[in-house]
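J.: Below you'll find the structure I mean.
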Amino acid sequence: MRPALPLLAATLGGCAWDGPMSTVVARSDFARDILEVYGIVTWATVVIALVVFVALGWILLRFREKPGAPLPAQTHGHTLLEIAWTVAPALALLVIAIPTIQVIFRTQAAPAAQALDVTVRGRQWWWEFRYPSLGVVTANELHLPAGRPVALSLEGPDVIHSFWVPQLGGKRDVIPGRVNRLTLVPERPGEYWGQCAEFCGASHANMGLRVFVDTPEEFARWLAAQRATPAEPTGLAAEGKAIYARSACVGCHTVRGVSAGVLGPDLTTFGSRTTLGAGLRPNTLDNLTAWIRDPAAIKPGVKMPALGLGEAEARAVAAYLAGLK
Ligand SMILES: [Cu+2]
């Protein structure tokens, strides 16, 4: 018993109501609908558990064996009881089924006409975000304007993933060969964390994402920066650009105007991301240099090879990429 107490304390210490991955804080209409059903199911279960445990306790006490007591009356078949324990669970299921089915239909409804379209592509082990109506492509960090409906089209070229940003919406599977949709209105500006929620291979656990819900002005600023051509690098960053341009990087990565690879994330404005490797590390020069030298040391199974760049070369490339914003 005693060793269990610190263990319990340590486990509960990991609980936070408002943590970045909390499922009990809803910041979109979609998340609120899900949370509402979750509440109904939880409270229905609590009521049933109370009834069962109280009845069980009472029966155990009332009918426990006493010395010398005669054999109690033996019952075979009891129509009223049979009907009761058929009808009661059916009612309980009905209470849960009605709101559940309503919410399923509501969350599958066609998006509003003014919705912002975003194509979400789940890849091993990162996320690509395309804004077809805005002409912007980015990765791992999705920016959305607060208050405007967004229509996400989920698709992917490799294996099944699942898009899940607990406070905004999901989980919805990302299935190769078909397009799943998810419509929501992000309500409050802030940073929301997400995670692939369907096992997809070695670095599934490292396939995170961030959603930044911006005020409309912030979103306009972000969008303008995404569309602008980054300033021509100078000094170390210019060296880095030359190394980037003559390395295999260009076969896998797009930097608008420099390279057009599509196997890895678009790096056109990589410097404006806060994280590296699908939410895995903060986007700092040191982390970036380490990633460029040996990404597999940071992310097991990663589909980006180590290209054998030395420390100085990798640092120059990092300086170049960090300046793309
Ligand atoms: Cu996954």
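Naming scheme: A, B, ... for chains in displayed order of the structure tokens; residues 1 onward per chain; ligands 1 onward as shown.
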I need the helix (DSSP H, G or I) residues of segment 49-200 of chain A per DSSP on the backbone, written as a PyMOL selection string.
T.: chain A and resi 49-62+79-106
J.: Write out as a PDB file with C-alpha atoms, in the first residue's frame each polymer residue (protein, DNA or RNA) that has an atom no more than 6 Å from ligand 1, with only C-alpha atoms and all ligand atoms counted.
T.:
ATOM      1  CA  HIS A 161      -2.494   8.685 -39.987  1.00  0.00           C
ATOM      2  CA  CYS A 196      -0.878  11.894 -35.089  1.00  0.00           C
ATOM      3  CA  ALA A 197      -3.276   9.496 -33.400  1.00  0.00           C
ATOM      4  CA  GLU A 198      -2.997   6.399 -35.589  1.00  0.00           C
ATOM      5  CA  PHE A 199       0.103   4.238 -35.384  1.00  0.00           C
ATOM      6  CA  CYS A 200       2.050   4.877 -38.589  1.00  0.00           C
ATOM      7  CA  HIS A 204       4.606   7.893 -35.010  1.00  0.00           C
TER       8      HIS A 204
END
J.: Pull the closest atom pair for each residue of segment 236-301 of chain A that gets at most 9 Å from segment 113-136 of chain A, along with the distance in Å to one decimal, counting only C-alpha atoms, ordering rows by chain and then ascending residue number, as a Markdown table.
T.:
| residue | atom | partner | partner_atom | distance |
| --- | --- | --- | --- | --- |
| A:Gly264 | CA | A:Trp126 | CA | 8.6 |
| A:Pro265 | CA | A:Glu128 | CA | 6.7 |
| A:Asp266 | CA | A:Glu128 | CA | 8.0 |
| A:Gly277 | CA | A:Trp126 | CA | 7.2 |
| A:Ala278 | CA | A:Trp126 | CA | 5.3 |
| A:Gly279 | CA | A:Trp126 | CA | 8.9 |
J.: Find the nearest atom pair between each residue of segment 30-88 of chain A and segment 171-177 of chain A for residues within 12 Å, count only C-alpha atoms, give distances in Å to one decimal, sort rows by chain and ascending number, and present the table as JSON lines.
T.:
{"residue": "A:Phe30", "atom": "CA", "partner": "A:Lys171", "partner_atom": "CA", "distance": 10.9}
{"residue": "A:Ala31", "atom": "CA", "partner": "A:Lys171", "partner_atom": "CA", "distance": 10.1}
{"residue": "A:Ile34", "atom": "CA", "partner": "A:Lys171", "partner_atom": "CA", "distance": 10.3}
J.: Can you measure atom CA of Met207 of chain A to atom CA of Pro166 of chain A for me? One decimal in Å is fine.
T.: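 So the answer is 14.6 Å.
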J.: Where in segment 26-181 of chain A does DSSP assign strand (DSSP E), given as a PyMOL selection string?
T.: chain A and resi 116-123+126-131+136-139+141-145+150-155+161-165+169-174+180-181
J.: Write a file of the selected residues as a CSV table (one decimal), in the first residue's frame, keeping N, CA and C atoms.
T.:
chain,number,residue,atom,x,y,z
A,116,LEU,N,-12.4,28.7,-45.1
A,116,LEU,CA,-11.0,28.7,-45.6
A,116,LEU,C,-10.6,27.2,-45.9
A,117,ASP,N,-10.3,26.9,-47.2
A,117,ASP,CA,-9.9,25.6,-47.5
A,117,ASP,C,-8.4,25.3,-47.1
A,118,VAL,N,-8.2,24.2,-46.5
A,118,VAL,CA,-6.8,23.8,-46.2
A,118,VAL,C,-6.7,22.3,-46.5
A,119,THR,N,-5.7,21.9,-47.3
A,119,THR,CA,-5.4,20.5,-47.5
A,119,THR,C,-4.4,20.0,-46.5
A,120,VAL,N,-4.7,19.0,-45.7
A,120,VAL,CA,-3.8,18.5,-44.8
A,120,VAL,C,-3.3,17.1,-45.3
A,121,ARG,N,-2.0,17.0,-45.5
A,121,ARG,CA,-1.4,15.7,-45.9
A,121,ARG,C,-0.6,15.1,-44.8
A,122,GLY,N,-1.0,14.0,-44.3
A,122,GLY,CA,-0.2,13.3,-43.3
A,122,GLY,C,0.9,12.5,-44.0
A,123,ARG,N,2.1,12.7,-43.6
A,123,ARG,CA,3.2,11.9,-44.2
A,123,ARG,C,4.1,11.3,-43.1
A,126,TRP,N,5.4,13.7,-40.7
A,126,TRP,CA,5.2,15.1,-40.6
A,126,TRP,C,4.0,15.5,-41.3
A,127,TRP,N,3.6,16.8,-41.3
A,127,TRP,CA,2.3,17.2,-41.8
A,127,TRP,C,2.6,18.3,-42.9
A,128,GLU,N,1.9,18.2,-44.0
A,128,GLU,CA,2.0,19.3,-45.0
A,128,GLU,C,0.7,20.0,-45.0
A,129,PHE,N,0.7,21.3,-45.1
A,129,PHE,CA,-0.5,22.1,-45.1
A,129,PHE,C,-0.5,23.0,-46.4
A,130,ARG,N,-1.5,22.8,-47.2
A,130,ARG,CA,-1.7,23.6,-48.4
A,130,ARG,C,-2.9,24.4,-48.3
A,131,TYR,N,-2.8,25.7,-48.7
A,131,TYR,CA,-3.9,26.6,-48.8
A,131,TYR,C,-4.2,26.9,-50.2
A,136,VAL,N,-0.4,29.1,-50.7
A,136,VAL,CA,0.6,29.0,-49.7
A,136,VAL,C,0.8,27.5,-49.4
A,137,VAL,N,2.0,27.0,-49.2
A,137,VAL,CA,2.3,25.7,-48.7
A,137,VAL,C,3.2,25.8,-47.6
A,138,THR,N,2.9,25.0,-46.5
A,138,THR,CA,3.8,25.0,-45.3
A,138,THR,C,3.7,23.7,-44.7
A,139,ALA,N,4.4,23.5,-43.6
A,139,ALA,CA,4.5,22.2,-42.9
A,139,ALA,C,4.5,22.3,-41.4
A,141,GLU,N,3.2,23.4,-38.9
A,141,GLU,CA,2.6,24.5,-38.1
A,141,GLU,C,1.6,25.2,-39.0
A,142,LEU,N,0.3,24.9,-38.6
A,142,LEU,CA,-0.8,25.4,-39.3
A,142,LEU,C,-1.3,26.7,-38.7
A,143,HIS,N,-1.5,27.8,-39.5
A,143,HIS,CA,-2.0,29.0,-39.1
A,143,HIS,C,-3.4,29.2,-39.5
A,144,LEU,N,-4.3,29.6,-38.6
A,144,LEU,CA,-5.7,29.8,-39.0
A,144,LEU,C,-6.2,31.1,-38.4
A,145,PRO,N,-7.1,31.8,-39.1
A,145,PRO,CA,-7.6,33.0,-38.5
A,145,PRO,C,-8.8,32.7,-37.6
A,150,VAL,N,-13.1,26.8,-41.1
A,150,VAL,CA,-12.1,26.3,-41.9
A,150,VAL,C,-12.5,24.9,-42.3
A,151,ALA,N,-12.3,24.5,-43.6
A,151,ALA,CA,-12.6,23.2,-44.1
A,151,ALA,C,-11.3,22.5,-44.4
A,152,LEU,N,-11.0,21.5,-43.6
A,152,LEU,CA,-9.8,20.7,-43.8
A,152,LEU,C,-10.1,19.5,-44.6
A,153,SER,N,-9.3,19.3,-45.7
A,153,SER,CA,-9.4,18.1,-46.5
A,153,SER,C,-8.2,17.2,-46.1
A,154,LEU,N,-8.4,16.0,-45.5
A,154,LEU,CA,-7.3,15.2,-45.0
A,154,LEU,C,-7.0,14.1,-46.0
A,155,GLU,N,-5.8,14.0,-46.4
A,155,GLU,CA,-5.3,13.0,-47.4
A,155,GLU,C,-3.9,12.7,-47.1
A,161,HIS,N,-2.8,7.9,-41.1
A,161,HIS,CA,-2.5,8.7,-40.0
A,161,HIS,C,-3.8,9.2,-39.4
A,162,SER,N,-3.8,9.9,-38.3
A,162,SER,CA,-5.0,10.5,-37.8
A,162,SER,C,-4.7,11.9,-37.3
A,163,PHE,N,-5.5,12.8,-37.7
A,163,PHE,CA,-5.3,14.3,-37.4
A,163,PHE,C,-6.0,14.5,-36.1
A,164,TRP,N,-5.3,15.0,-35.1
A,164,TRP,CA,-5.9,15.2,-33.8
A,164,TRP,C,-5.3,16.4,-33.1
A,165,VAL,N,-6.1,17.5,-32.9
A,165,VAL,CA,-5.7,18.6,-32.1
A,165,VAL,C,-6.8,18.7,-31.0
A,169,GLY,N,-10.2,19.9,-32.6
A,169,GLY,CA,-11.0,18.9,-33.3
A,169,GLY,C,-10.2,17.6,-33.6
A,170,GLY,N,-10.8,16.7,-34.2
A,170,GLY,CA,-10.3,15.4,-34.5
A,170,GLY,C,-10.8,14.4,-33.4
A,171,LYS,N,-10.4,13.2,-33.3
A,171,LYS,CA,-9.5,12.6,-34.3
A,171,LYS,C,-10.2,12.3,-35.5
A,172,ARG,N,-9.6,12.5,-36.7
A,172,ARG,CA,-10.2,12.0,-37.9
A,172,ARG,C,-9.0,11.4,-38.7
A,173,ASP,N,-9.3,10.2,-39.3
A,173,ASP,CA,-8.3,9.5,-40.0
A,173,ASP,C,-7.9,10.1,-41.3
A,174,VAL,N,-6.6,10.0,-41.6
A,174,VAL,CA,-6.0,10.5,-42.8
A,174,VAL,C,-5.7,9.2,-43.6
A,180,ASN,N,-10.9,12.7,-46.4
A,180,ASN,CA,-11.8,12.9,-45.3
A,180,ASN,C,-11.8,14.4,-45.0
A,181,ARG,N,-13.0,14.8,-44.5
A,181,ARG,CA,-13.2,16.2,-44.2
A,181,ARG,C,-13.4,16.5,-42.8
J.: I want to know what sits within 9 Å of segment 82-93 of chain A, based on only C-alpha atoms, with residues of the same chain fewer than 3 positions away left out; could you give that as a list of chain:residue names?
T.: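 Within the cut-off, the hits are A:Ala44, A:Thr45, A:Ile48, A:Gly77, A:His78, A:Thr79, A:Ile96, A:Ala97, A:Ile98.
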J.: Can I get the selected residues back with C-alpha atoms, as a short mmCIF file (atom, residue, chain, number, x, y, z; two decimals), in the first residue's frame?
T.:
data_model
loop_
_atom_site.label_atom_id
_atom_site.label_comp_id
_atom_site.auth_asym_id
_atom_site.auth_seq_id
_atom_site.Cartn_x
_atom_site.Cartn_y
_atom_site.Cartn_z
CA ALA A 44 -24.76 8.52 -17.66
CA THR A 45 -21.99 6.11 -16.66
CA ILE A 48 -25.39 3.77 -13.64
CA GLY A 77 -37.76 -17.02 -13.97
CA HIS A 78 -39.21 -13.64 -12.99
CA THR A 79 -40.96 -11.85 -15.87
CA ILE A 96 -26.20 7.99 -25.17
CA ALA A 97 -27.11 7.23 -28.80
CA ILE A 98 -29.37 10.22 -29.53
#
J.: What is the atom CA of Ile298 of chain A to atom CA of Thr23 of chain A distance in Å?
T.: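 One can read the atom CA of Ile298 of chain A to atom CA of Thr23 of chain A distance as 28.0 Å.
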J.: Would you pick out the contacts of Ala237 of chain A at 6 Å or less, using only C-alpha atoms, so that residues sharing its chain but fewer than 3 positions from it are not included, and give the list as a PyMOL selection string?
T.: chain A and resi 233-234+240+316+319-320
J.: Work out how far apart atom CA of Trp193 of chain A and atom CA of Arg210 of chain A are and give it in Å to one decimal.
T.: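 So the two atoms, atom CA of Trp193 of chain A and atom CA of Arg210 of chain A, lie 4.7 Å apart.
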J.: Which neighbours of Thr284 of chain A fall inside 12 Å, counting only C-alpha atoms, when residues of the same chain fewer than 3 positions from it are skipped, and could you give them as a PyMOL selection string?
T.: chain A and resi 270-277+280-281+287-291+315+318-319+321-323
J.: Which residue, A:Val317, A:Val258, A:Ala205, A:Leu71, has the smallest gap to Gly301 of chain A when you use only C-alpha atoms?
T.: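 Checking each candidate against Gly301 of chain A, we get A:Ala205 as the closest.
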J.: Fewer than 5 positions away in the same chain doesn't count, so skip those; otherwise give me all residues within 12 Å of Gly308 of chain A, counting only C-alpha atoms, as a ChimeraX atom specification.
T.: /A:247-249,290-295,313-314
